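Peer 1: This is the content of input-v1.tsv (TSV, C-alpha atoms):
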chain	number	residue	atom	x	y	z
A	1	MET	CA	3.14	2.96	-15.57
A	2	GLU	CA	2.43	5.40	-12.73
A	3	ILE	CA	3.44	4.25	-9.25
A	4	ASP	CA	3.98	5.69	-5.78
A	5	THR	CA	7.55	4.64	-5.01
A	6	LEU	CA	10.42	2.99	-6.86
A	7	TRP	CA	13.44	1.58	-5.02
A	8	THR	CA	16.46	1.19	-7.29
A	9	ASN	CA	20.10	0.09	-7.09
A	10	ALA	CA	19.32	-2.49	-4.39
A	11	ARG	CA	20.42	-6.01	-3.66
A	12	LEU	CA	17.32	-8.06	-2.92
A	13	ALA	CA	16.80	-11.12	-0.76
A	14	THR	CA	13.24	-11.80	-1.89
A	15	MET	CA	12.90	-14.87	0.39
A	16	ALA	CA	10.58	-16.38	-2.21
A	17	GLU	CA	10.12	-20.14	-1.88
A	18	PRO	CA	13.18	-21.70	-3.59
A	19	ARG	CA	12.47	-23.90	-6.59
A	20	GLY	CA	14.66	-26.94	-7.11
A	21	THR	CA	18.29	-26.07	-6.44
A	22	GLY	CA	17.66	-22.32	-6.67
A	23	ASP	CA	19.10	-19.66	-4.40
A	24	ALA	CA	17.60	-20.14	-0.93
A	25	LEU	CA	17.43	-16.37	-0.38
A	26	GLY	CA	15.95	-15.49	-3.75
A	27	THR	CA	18.82	-13.07	-4.41
A	28	ILE	CA	18.66	-10.39	-7.10
A	29	ALA	CA	22.02	-8.63	-7.45
A	30	ASN	CA	20.81	-5.34	-8.93
A	31	GLY	CA	17.12	-5.10	-8.26
A	32	VAL	CA	14.20	-2.72	-8.28
A	33	ILE	CA	10.95	-2.73	-6.34
A	34	ALA	CA	7.89	-0.74	-7.39
A	35	ALA	CA	4.93	-0.07	-5.09
A	36	ARG	CA	1.49	1.40	-5.54
A	37	ALA	CA	-1.17	1.82	-2.84
A	38	GLY	CA	0.93	-0.12	-0.34
A	39	ARG	CA	1.41	-3.15	-2.59
A	40	ILE	CA	4.37	-4.48	-4.51
A	41	ILE	CA	3.54	-4.26	-8.21
A	42	HIS	CA	6.97	-5.15	-9.53
A	43	VAL	CA	10.12	-6.78	-8.18
A	44	GLY	CA	13.02	-7.96	-10.29
A	45	PRO	CA	16.35	-7.12	-11.90
A	46	ALA	CA	16.96	-3.57	-13.05
A	47	THR	CA	17.78	-4.89	-16.51
A	48	GLY	CA	14.55	-5.24	-18.43
A	49	ALA	CA	12.41	-3.52	-15.77
A	50	PRO	CA	9.39	-1.54	-17.03
A	51	ALA	CA	9.64	2.23	-17.35
A	52	PHE	CA	7.85	3.55	-14.26
A	53	ALA	CA	6.57	7.07	-13.67
A	54	ALA	CA	7.23	7.21	-9.92
A	55	GLN	CA	6.16	9.94	-7.56
A	56	ARG	CA	9.27	9.11	-5.56
A	57	THR	CA	12.44	7.23	-6.56
A	58	ILE	CA	14.87	6.06	-3.88
A	59	ASP	CA	18.42	5.08	-4.76
A	60	CYS	CA	19.38	2.37	-2.25
A	61	ALA	CA	23.10	2.75	-3.03
A	62	GLY	CA	23.64	-1.00	-3.17
A	63	ARG	CA	22.02	-1.73	0.19
A	64	TRP	CA	20.21	-5.00	0.82
A	65	ILE	CA	16.43	-5.20	1.00
A	66	THR	CA	14.59	-8.06	2.70
A	67	PRO	CA	10.91	-8.42	3.47
A	68	GLY	CA	9.90	-6.64	6.66
A	69	LEU	CA	10.57	-8.95	9.60
A	70	VAL	CA	7.76	-10.87	11.29
A	71	ASP	CA	7.81	-11.71	15.02
A	72	CYS	CA	5.24	-14.50	15.08
A	73	HIS	CA	5.15	-15.41	18.81
A	74	THR	CA	5.13	-12.80	21.56
A	75	HIS	CA	3.40	-12.03	24.86
A	76	LEU	CA	4.25	-8.35	24.47
A	77	VAL	CA	1.41	-6.88	26.55
A	78	PHE	CA	1.48	-7.50	30.29
A	79	GLY	CA	1.58	-5.70	33.62
A	80	GLY	CA	4.40	-5.54	36.12
A	81	ASN	CA	8.04	-6.55	36.05
A	82	ARG	CA	9.75	-9.78	37.11
A	83	SER	CA	13.41	-8.78	37.18
A	84	HIS	CA	13.39	-9.36	40.95
A	85	GLU	CA	12.54	-13.02	40.32
A	86	PHE	CA	15.48	-13.27	37.95
A	87	GLU	CA	17.69	-11.92	40.70
A	88	MET	CA	16.23	-14.42	43.19
A	89	ARG	CA	16.98	-17.30	40.80
A	90	LEU	CA	20.57	-16.13	40.40
A	91	GLU	CA	20.85	-16.22	44.20
A	92	GLY	CA	19.64	-19.83	44.28
A	93	ALA	CA	15.87	-19.64	44.79
A	94	SER	CA	13.87	-22.39	43.12
A	95	TYR	CA	10.83	-21.81	40.92
A	96	GLU	CA	8.66	-23.28	43.69
A	97	GLU	CA	10.13	-20.90	46.27
A	98	ILE	CA	9.54	-17.95	43.99
A	99	ALA	CA	5.95	-19.07	43.35
A	100	ARG	CA	5.30	-19.44	47.10
A	101	ALA	CA	6.55	-15.89	47.57
A	102	GLY	CA	3.89	-14.68	45.13
A	103	GLY	CA	6.06	-14.75	42.02
A	104	GLY	CA	5.76	-16.54	38.71
A	105	ILE	CA	2.83	-16.08	36.39
A	106	VAL	CA	0.59	-15.20	39.36
A	107	SER	CA	2.70	-12.08	39.88
A	108	THR	CA	2.21	-11.01	36.27
A	109	MET	CA	-1.48	-11.91	36.43
A	110	GLN	CA	-2.03	-9.72	39.48
A	111	ALA	CA	-0.16	-6.78	37.95
A	112	THR	CA	-2.03	-7.21	34.67
A	113	ARG	CA	-5.42	-7.32	36.35
A	114	ALA	CA	-4.57	-4.19	38.31
A	115	ALA	CA	-3.46	-2.26	35.21
A	116	GLY	CA	-5.87	-0.31	33.07
A	117	GLU	CA	-5.86	-0.67	29.30
A	118	ASP	CA	-3.99	2.61	28.84
A	119	GLU	CA	-1.31	1.49	31.29
A	120	LEU	CA	-0.92	-1.82	29.45
A	121	VAL	CA	-0.48	0.04	26.17
A	122	ALA	CA	2.02	2.50	27.65
A	123	SER	CA	4.18	-0.24	29.17
A	124	ALA	CA	4.16	-2.27	25.94
A	125	LEU	CA	5.12	0.59	23.62
A	126	PRO	CA	8.86	0.65	24.49
A	127	ARG	CA	9.05	-3.09	23.84
A	128	LEU	CA	7.24	-2.67	20.54
A	129	ASP	CA	9.44	0.26	19.54
A	130	ALA	CA	12.57	-1.85	20.12
A	131	LEU	CA	11.27	-4.40	17.63
A	132	LEU	CA	10.21	-1.79	15.08
A	133	ALA	CA	13.71	-0.33	15.22
A	134	GLU	CA	15.06	-3.67	13.99
A	135	GLY	CA	12.82	-3.87	10.93
A	136	VAL	CA	9.80	-5.72	12.34
A	137	THR	CA	6.66	-4.85	10.35
A	138	THR	CA	4.28	-7.55	11.65
A	139	ILE	CA	3.94	-8.85	15.20
A	140	GLU	CA	1.76	-11.43	16.90
A	141	ILE	CA	0.66	-10.56	20.45
A	142	LYS	CA	-0.99	-13.09	22.77
A	143	SER	CA	-3.22	-12.57	25.77
A	144	GLY	CA	-2.91	-14.99	28.69
A	145	TYR	CA	-1.90	-12.90	31.69
A	146	GLY	CA	-5.36	-11.78	32.72
A	147	LEU	CA	-6.97	-15.21	33.20
A	148	ASP	CA	-10.44	-13.80	33.78
A	149	VAL	CA	-12.97	-12.56	31.25
A	150	GLU	CA	-12.50	-8.81	31.47
A	151	SER	CA	-8.72	-8.88	31.92
A	152	GLU	CA	-8.23	-11.12	28.89
A	153	LEU	CA	-10.42	-8.82	26.80
A	154	SER	CA	-8.44	-5.83	28.07
A	155	LEU	CA	-5.17	-7.42	27.00
A	156	LEU	CA	-6.47	-8.06	23.50
A	157	ARG	CA	-7.88	-4.54	23.20
A	158	ALA	CA	-4.52	-3.11	24.29
A	159	ALA	CA	-2.74	-5.22	21.67
A	160	ARG	CA	-5.13	-4.01	18.97
A	161	LYS	CA	-4.60	-0.40	20.07
A	162	LEU	CA	-0.85	-0.73	19.61
A	163	GLY	CA	-1.54	-1.26	15.92
A	164	THR	CA	-3.24	2.14	15.76
A	165	LEU	CA	-0.40	3.94	17.53
A	166	ARG	CA	2.48	2.58	15.47
A	167	PRO	CA	2.90	1.69	11.77
A	168	ILE	CA	2.83	-2.06	12.25
A	169	ARG	CA	0.49	-4.96	11.56
A	170	VAL	CA	-0.64	-6.50	14.88
A	171	VAL	CA	-2.00	-10.04	14.88
A	172	THR	CA	-3.73	-11.00	18.12
A	173	THR	CA	-4.04	-14.46	19.67
A	174	PHE	CA	-6.33	-15.43	22.54
A	175	LEU	CA	-4.37	-17.49	25.09
A	176	GLY	CA	-6.88	-17.82	27.91
A	177	ALA	CA	-5.70	-21.40	28.49
A	178	HIS	CA	-2.24	-20.21	29.53
A	179	ALA	CA	-2.23	-21.02	33.25
A	180	LEU	CA	-4.64	-21.80	36.06
A	181	PRO	CA	-5.64	-18.69	38.05
A	182	PRO	CA	-5.68	-18.99	41.86
A	183	GLU	CA	-9.47	-18.81	42.07
A	184	PHE	CA	-9.65	-22.08	40.12
A	185	ALA	CA	-6.93	-23.91	42.11
A	186	GLY	CA	-7.61	-27.64	41.91
A	187	ASN	CA	-10.31	-27.14	39.28
A	188	PRO	CA	-8.70	-26.88	35.84
A	189	ASP	CA	-11.78	-28.30	34.09
A	190	GLY	CA	-13.87	-25.54	35.64
A	191	TYR	CA	-11.48	-22.94	34.29
A	192	ILE	CA	-11.54	-24.50	30.81
A	193	ASP	CA	-15.34	-24.26	31.00
A	194	LEU	CA	-14.92	-20.53	31.60
A	195	VAL	CA	-12.50	-20.21	28.68
A	196	CYS	CA	-14.79	-22.07	26.29
A	197	THR	CA	-18.23	-20.81	27.30
A	198	ARG	CA	-17.59	-17.22	28.37
A	199	MET	CA	-14.17	-15.94	27.30
A	200	LEU	CA	-14.03	-17.25	23.74
A	201	PRO	CA	-17.56	-16.17	22.76
A	202	ARG	CA	-16.83	-12.63	23.99
A	203	VAL	CA	-13.50	-12.55	22.19
A	204	ALA	CA	-15.14	-13.69	18.95
A	205	GLU	CA	-18.11	-11.34	19.34
A	206	GLU	CA	-15.82	-8.33	19.67
A	207	GLY	CA	-13.47	-9.53	16.91
A	208	LEU	CA	-10.46	-9.28	19.20
A	209	ALA	CA	-8.50	-12.39	18.16
A	210	ASP	CA	-7.13	-13.74	14.91
A	211	ALA	CA	-6.31	-17.15	16.43
A	212	VAL	CA	-6.58	-19.21	19.62
A	213	ASP	CA	-3.65	-20.73	21.55
A	214	ALA	CA	-3.20	-22.93	24.62
A	215	PHE	CA	-0.35	-24.19	26.82
A	216	CYS	CA	-0.45	-27.98	26.60
A	217	GLU	CA	1.96	-29.10	29.31
A	218	GLY	CA	2.10	-30.81	32.69
A	219	ILE	CA	2.17	-27.41	34.38
A	220	GLY	CA	-0.43	-26.10	31.93
A	221	PHE	CA	-3.38	-27.99	30.49
A	222	SER	CA	-3.89	-31.57	29.39
A	223	PRO	CA	-4.42	-32.68	25.79
A	224	GLU	CA	-8.09	-33.31	26.51
A	225	GLN	CA	-8.54	-29.83	27.99
A	226	THR	CA	-6.68	-28.40	25.02
A	227	ARG	CA	-8.98	-30.31	22.67
A	228	ARG	CA	-11.98	-28.65	24.30
A	229	VAL	CA	-10.46	-25.21	23.67
A	230	PHE	CA	-9.74	-26.12	20.07
A	231	ASP	CA	-13.28	-27.42	19.53
A	232	ALA	CA	-14.68	-24.14	20.88
A	233	ALA	CA	-12.34	-22.15	18.64
A	234	ARG	CA	-13.32	-24.21	15.61
A	235	ALA	CA	-17.03	-23.66	16.33
A	236	LEU	CA	-16.35	-19.91	16.24
A	237	GLY	CA	-14.31	-20.11	13.04
A	238	LEU	CA	-10.99	-19.24	14.64
A	239	PRO	CA	-7.72	-20.99	13.67
A	240	VAL	CA	-5.55	-22.52	16.39
A	241	LYS	CA	-1.91	-22.81	17.41
A	242	LEU	CA	-0.26	-24.40	20.43
A	243	HIS	CA	2.52	-24.16	22.99
A	244	ALA	CA	3.62	-27.79	22.72
A	245	GLU	CA	6.35	-30.15	23.85
A	246	GLN	CA	8.38	-27.50	25.66
A	247	LEU	CA	8.99	-29.40	28.91
A	248	SER	CA	7.64	-32.87	28.13
A	249	ASN	CA	6.00	-34.81	25.33
A	250	LEU	CA	2.22	-34.82	25.70
A	251	HIS	CA	1.81	-35.20	21.92
A	252	GLY	CA	0.42	-31.69	21.74
A	253	ALA	CA	1.96	-31.05	18.32
A	254	ARG	CA	0.18	-34.08	16.88
A	255	LEU	CA	-3.07	-32.85	18.46
A	256	ALA	CA	-2.55	-29.37	17.03
A	257	ALA	CA	-1.81	-30.79	13.59
A	258	SER	CA	-5.06	-32.77	13.68
A	259	TYR	CA	-6.85	-29.42	13.87
A	260	GLY	CA	-4.79	-27.96	11.02
A	261	ALA	CA	-3.01	-25.64	13.45
A	262	LEU	CA	-1.11	-22.69	12.02
A	263	SER	CA	1.87	-23.50	14.24
A	264	ALA	CA	3.14	-25.55	17.14
A	265	ASP	CA	5.70	-23.66	19.23
A	266	HIS	CA	8.73	-24.48	21.44
A	267	LEU	CA	8.93	-28.23	20.55
A	268	GLU	CA	12.06	-29.27	22.47
A	269	HIS	CA	10.46	-32.66	23.25
A	270	LEU	CA	8.81	-33.21	19.86
A	271	ASP	CA	8.89	-36.79	18.56
A	272	GLU	CA	8.79	-38.35	15.08
A	273	ASP	CA	5.02	-38.86	15.17
A	274	GLY	CA	4.53	-35.19	15.91
A	275	ILE	CA	6.86	-34.20	13.09
A	276	ALA	CA	5.03	-36.45	10.62
A	277	ALA	CA	1.68	-35.01	11.67
A	278	MET	CA	2.93	-31.43	11.32
A	279	ALA	CA	4.41	-32.16	7.91
A	280	GLN	CA	1.10	-33.59	6.71
A	281	SER	CA	-0.99	-30.69	8.02
A	282	GLY	CA	1.42	-27.92	7.00
A	283	THR	CA	1.74	-26.76	10.60
A	284	VAL	CA	4.76	-24.50	11.11
A	285	ALA	CA	7.34	-25.32	13.80
A	286	THR	CA	7.99	-22.05	15.64
A	287	LEU	CA	11.24	-22.28	17.62
A	288	LEU	CA	11.92	-19.91	20.51
A	289	PRO	CA	15.63	-19.75	21.32
A	290	GLY	CA	15.19	-16.86	23.76
A	291	ALA	CA	13.22	-19.05	26.16
A	292	PHE	CA	15.66	-21.92	25.63
A	293	TYR	CA	18.55	-19.61	26.54
A	294	PHE	CA	16.90	-17.78	29.42
A	295	CYS	CA	15.64	-20.96	31.10
A	296	ARG	CA	19.01	-22.69	30.58
A	297	GLU	CA	17.38	-25.60	28.79
A	298	THR	CA	19.60	-28.38	27.53
A	299	ARG	CA	17.30	-30.43	25.28
A	300	LEU	CA	17.41	-29.04	21.75
A	301	PRO	CA	14.39	-29.08	19.46
A	302	PRO	CA	14.79	-31.76	16.75
A	303	VAL	CA	15.88	-29.39	14.00
A	304	ALA	CA	17.45	-32.05	11.78
A	305	ALA	CA	14.30	-34.18	11.90
A	306	LEU	CA	12.08	-31.16	11.20
A	307	ARG	CA	14.31	-30.28	8.27
A	308	ALA	CA	14.24	-33.84	6.94
A	309	GLY	CA	10.47	-33.99	7.34
A	310	GLY	CA	9.96	-30.81	5.36
A	311	VAL	CA	8.32	-28.95	8.25
A	312	PRO	CA	8.69	-25.17	7.80
A	313	ILE	CA	10.61	-23.58	10.68
A	314	ALA	CA	9.89	-20.11	12.07
A	315	LEU	CA	11.77	-18.14	14.73
A	316	ALA	CA	10.33	-15.64	17.21
A	317	THR	CA	11.34	-13.71	20.31
A	318	ASP	CA	8.64	-15.15	22.64
A	319	CYS	CA	8.88	-11.77	24.37
A	320	ASN	CA	7.39	-12.29	27.84
A	321	PRO	CA	8.22	-11.24	31.42
A	322	GLY	CA	9.05	-14.65	32.85
A	323	THR	CA	11.00	-16.84	30.45
A	324	SER	CA	12.08	-14.69	27.49
A	325	PRO	CA	12.33	-10.94	28.21
A	326	LEU	CA	13.72	-10.49	24.71
A	327	THR	CA	12.88	-7.60	22.40
A	328	SER	CA	15.43	-8.20	19.65
A	329	LEU	CA	14.52	-10.32	16.66
A	330	LEU	CA	18.07	-9.83	15.33
A	331	LEU	CA	19.51	-11.45	18.45
A	332	THR	CA	16.92	-14.20	18.02
A	333	LEU	CA	18.41	-14.88	14.59
A	334	ASN	CA	21.86	-15.32	16.10
A	335	MET	CA	20.47	-17.57	18.85
A	336	GLY	CA	18.67	-19.69	16.26
A	337	ALA	CA	21.97	-20.24	14.49
A	338	THR	CA	24.29	-20.68	17.48
A	339	LEU	CA	21.95	-22.62	19.80
A	340	PHE	CA	19.83	-24.57	17.31
A	341	ARG	CA	22.32	-24.81	14.43
A	342	LEU	CA	19.98	-23.32	11.86
A	343	THR	CA	21.58	-22.11	8.64
A	344	VAL	CA	21.52	-18.47	7.54
A	345	PRO	CA	18.76	-19.08	4.96
A	346	GLU	CA	16.74	-21.02	7.55
A	347	CYS	CA	17.08	-18.21	10.09
A	348	LEU	CA	16.05	-15.53	7.61
A	349	ALA	CA	13.14	-17.60	6.29
A	350	GLY	CA	12.17	-18.12	9.93
A	351	VAL	CA	11.48	-14.41	10.47
A	352	THR	CA	10.00	-13.70	7.04
A	353	ARG	CA	8.35	-16.36	4.86
A	354	ASN	CA	7.76	-19.03	7.50
A	355	ALA	CA	6.83	-16.56	10.23
A	356	ALA	CA	4.14	-15.16	7.94
A	357	ARG	CA	2.92	-18.70	7.33
A	358	ALA	CA	2.76	-19.31	11.10
A	359	LEU	CA	0.28	-16.43	11.27
A	360	GLY	CA	-1.78	-17.58	8.30
A	361	LEU	CA	-0.52	-14.59	6.29
A	362	ALA	CA	1.74	-16.21	3.70
A	363	HIS	CA	-0.54	-14.86	0.96
A	364	GLU	CA	-0.06	-11.33	2.27
A	365	LEU	CA	3.54	-10.88	3.40
A	366	GLY	CA	6.88	-12.54	4.21
A	367	THR	CA	8.40	-12.38	0.71
A	368	LEU	CA	9.15	-9.72	-1.88
A	369	GLU	CA	6.63	-10.75	-4.52
A	370	VAL	CA	4.08	-8.99	-6.69
A	371	GLY	CA	0.73	-8.51	-4.99
A	372	LYS	CA	2.02	-8.66	-1.43
A	373	ALA	CA	2.14	-5.85	1.09
A	374	CYS	CA	5.09	-3.55	0.51
A	375	ASP	CA	6.75	-4.22	3.86
A	376	LEU	CA	10.51	-3.82	3.49
A	377	ALA	CA	13.61	-3.70	5.65
A	378	ILE	CA	16.59	-1.93	4.07
A	379	TRP	CA	19.97	-2.83	5.57
A	380	ASP	CA	23.50	-1.43	5.63
A	381	ILE	CA	25.16	-4.85	5.33
A	382	GLU	CA	27.63	-6.61	3.06
A	383	ARG	CA	25.64	-9.84	2.87
A	384	PRO	CA	22.48	-11.27	4.46
A	385	ALA	CA	24.59	-13.44	6.78
A	386	ASP	CA	25.48	-10.23	8.66
A	387	LEU	CA	21.94	-10.15	10.07
A	388	VAL	CA	22.54	-13.53	11.71
A	389	TYR	CA	26.24	-13.13	12.51
A	390	ARG	CA	26.27	-9.83	14.37
A	391	MET	CA	25.29	-9.55	18.04
A	392	GLY	CA	24.10	-6.32	19.65
A	393	PHE	CA	24.36	-4.41	16.38
A	394	ASN	CA	21.47	-2.99	14.38
A	395	PRO	CA	22.28	-2.27	10.71
A	396	LEU	CA	18.76	-1.18	9.74
A	397	HIS	CA	18.84	1.75	7.32
A	398	ALA	CA	15.10	2.12	6.74
A	399	ARG	CA	11.87	0.34	7.52
A	400	ILE	CA	8.96	0.46	5.08
A	401	TRP	CA	5.45	-0.54	6.11
A	402	SER	CA	2.65	-0.68	3.53
A	403	GLY	CA	4.83	1.27	1.12
A	404	LYS	CA	5.57	4.12	3.55
Go through the file and emit its structure as structure tokens.

Peer 2:
Amino acid sequence: MEIDTLWTNARLATMAEPRGTGDALGTIANGVIAARAGRIIHVGPATGAPAFAAQRTIDCAGRWITPGLVDCHTHLVFGGNRSHEFEMRLEGASYEEIARAGGGIVSTMQATRAAGEDELVASALPRLDALLAEGVTTIEIKSGYGLDVESELSLLRAARKLGTLRPIRVVTTFLGAHALPPEFAGNPDGYIDLVCTRMLPRVAEEGLADAVDAFCEGIGFSPEQTRRVFDAARALGLPVKLHAEQLSNLHGARLAASYGALSADHLEHLDEDGIAAMAQSGTVATLLPGAFYFCRETRLPPVAALRAGGVPIALATDCNPGTSPLTSLLLTLNMGATLFRLTVPECLAGVTRNAARALGLAHELGTLEVGKACDLAIWDIERPADLVYRMGFNPLHARIWSGK
């Protein structure tokens, strides 16, 4: 059989869904992967593998191969810099004091509105490159820092452009309902009207978003306002996801699950009803340890209850300028283990199989299986646990995207 590329002499962590008491990593001790036209056409043990006529054969010298990593929750594109606010907080300033001084999300909004699309792309590229260098092959990027029609569209266009400048799959999410802009102070319903009647139709018309998100929180938007956004998204045929239960329990996860949401994210204050609803709908729990760490939170997400309820758990960087300026998915793995007590298989599934599911792409990527995109990360490691165990160390040997 003629193929493009054959990888041999590799140890594989296929991350395929375990069956029964099978290996949680889907390990193949001496494996081969064959790809044609950017797709995996064979994966399995070297013993008994078909005889391939490959244009290129790569001896992996016993290295480990995992699926390419998936960062399924980021706010990667934004204007400005908020390191000065971090410094102010270290010196004792409160969030309210920083906000009164023009900081917080308003600071990022103003810088984003002032930036042109090219400037937004240029500032995001170093952050994106840091993630690519760690084996990330798919990334979700949200809008939400423009908070007016044209600025939100500009953010989404910039995110799409990144996918033309680098070999990576970019999934875009419209997050117009992220915060209340100053021009709508005291009128959140008026702003939600704008989101639903003007922003979303433009986003859908231009095909700029793969999903719609909202921030359902006391400092964000109410469940009823979130429901209006979800109804508008549904009318336009767009799937939804939600920032939920980060600071309080407004039952946002249960609301999201009632719409068949792809994911509910953060979830520190998630309750049993929310877990049951997510389990029933298949909604992924995306945990964001970078924000938990950076904000010095103390309430842990209910990992044991999510595990017991059979809710799939994903991990992501939540890269953003205010609460998680993190551009390392490998460090996120370590944080997921040390802060949230996830196991090694749970961490690795969280940035492969379950992260793909959180983007509605489980059919396309996240595991090493026939028919899926040939997105690979090849590692100089002794065992997969090294990817979770090490801090500040990048053992990536090669990154393969769509077979290249």

Peer 1: So which residues touch stretch 183-191 of chain A within 12 Å, counting all atoms listed in the file, skipping near sequence neighbours fewer than 3 positions away, as a PyMOL selection string?

Peer 2: chain A and resi 106+109+147-149+176-180+194-199+218-229

Peer 1: Quote the spacing between atom CA of A:Glu150 and atom CA of A:Thr173 in Å to one decimal place.

Peer 2: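 Straight-line distance from atom CA of A:Glu150 to atom CA of A:Thr173 works out to 15.6 Å.
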
Peer 1: Hey, can you check how far atom CA of A:Ala377 sits from atom CA of A:Asn30?

Peer 2: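 One can read the atom CA of A:Ala377 to atom CA of A:Asn30 distance as 16.3 Å.
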
Peer 1: What gap, in Å, lies between atom CA of A:Leu156 and atom CA of A:Asn81?

Peer 2: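 Pair atom CA of A:Leu156 / atom CA of A:Asn81 returns 19.2 Å.
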
Peer 1: My list of candidates is A:Arg296, A:Arg341, A:Lys142, A:Arg202. Which is closest to A:Thr323 when distances are computed with all atoms listed in the file?

Peer 2: A:Arg296

Peer 1: Taking only C-alpha atoms into account, produce a table as a Markdown table in which each residue of stretch 170-284 of chain A with an atom at most 7 Å from an atom of stretch 297-312 of chain A appears once, together with its shortest atom pair and the distance in Å to one decimal, ordered by chain and rising number.

Peer 2:
| residue | atom | partner | partner_atom | distance |
| --- | --- | --- | --- | --- |
| A:Leu267 | CA | A:Pro301 | CA | 5.6 |
| A:Glu268 | CA | A:Pro301 | CA | 3.8 |
| A:His269 | CA | A:Pro301 | CA | 6.5 |
| A:Leu270 | CA | A:Pro302 | CA | 6.9 |
| A:Ile275 | CA | A:Leu306 | CA | 6.3 |
| A:Ala276 | CA | A:Gly309 | CA | 6.8 |
| A:Met278 | CA | A:Val311 | CA | 6.7 |
| A:Ala279 | CA | A:Val311 | CA | 5.1 |
| A:Val284 | CA | A:Pro312 | CA | 5.2 |

Peer 1: For A:Gly252, which residue out of A:Ile168, A:Ala285, A:Leu128, A:Glu217 is the nearest one, using all atoms listed in the file?

Peer 2: A:Glu217

Peer 1: Find the residue from A:Gly44, A:Gly163, A:Gly274, A:Pro18 that sits nearest to A:Ile141; use only C-alpha atoms when measuring.

Peer 2: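 Among A:Gly44, A:Gly163, A:Gly274, A:Pro18, it is A:Gly163 that comes nearest to A:Ile141.
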
Peer 1: Let me make sure I understand: among A:Leu329, A:Cys295, A:Met335, A:Ala261, which one has the smallest atom-to-atom distance to A:Leu247 if we use all atoms listed in the file?

Peer 2: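 Distance minimum relative to A:Leu247 lands on A:Cys295.
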
Peer 1: Could you give me, as an mmCIF file with C-alpha atoms, in the frame of the given file, the residues within 7 Å of stretch 358-371 of chain A, counting all atoms listed in the file and dropping anything in the same chain fewer than 4 positions from it?

Peer 2:
data_model
loop_
_atom_site.group_PDB
_atom_site.id
_atom_site.type_symbol
_atom_site.label_atom_id
_atom_site.label_comp_id
_atom_site.auth_asym_id
_atom_site.auth_seq_id
_atom_site.Cartn_x
_atom_site.Cartn_y
_atom_site.Cartn_z
ATOM 1 C CA THR A 14 13.240 -11.800 -1.890
ATOM 2 C CA MET A 15 12.900 -14.870 0.390
ATOM 3 C CA ALA A 16 10.580 -16.380 -2.210
ATOM 4 C CA ARG A 39 1.410 -3.150 -2.590
ATOM 5 C CA ILE A 40 4.370 -4.480 -4.510
ATOM 6 C CA ILE A 41 3.540 -4.260 -8.210
ATOM 7 C CA HIS A 42 6.970 -5.150 -9.530
ATOM 8 C CA VAL A 43 10.120 -6.780 -8.180
ATOM 9 C CA PRO A 67 10.910 -8.420 3.470
ATOM 10 C CA CYS A 72 5.240 -14.500 15.080
ATOM 11 C CA LEU A 262 -1.110 -22.690 12.020
ATOM 12 C CA SER A 263 1.870 -23.500 14.240
ATOM 13 C CA VAL A 284 4.760 -24.500 11.110
ATOM 14 C CA THR A 352 10.000 -13.700 7.040
ATOM 15 C CA ARG A 353 8.350 -16.360 4.860
ATOM 16 C CA ASN A 354 7.760 -19.030 7.500
#

Peer 1: Under the rule that all atoms listed in the file are counted, which of A:Ala158, A:Leu131, A:Val171, A:Leu287 is the nearest residue to A:Glu245?

Peer 2: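 Smallest distance to A:Glu245 is found for A:Leu287.
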
Peer 1: Could you give me, as a VMD selection string, the residues within 8 Å of A:Ala37, counting all atoms listed in the file and dropping anything in the same chain fewer than 4 positions from it?

Peer 2: chain A and resid 4 402 to 403
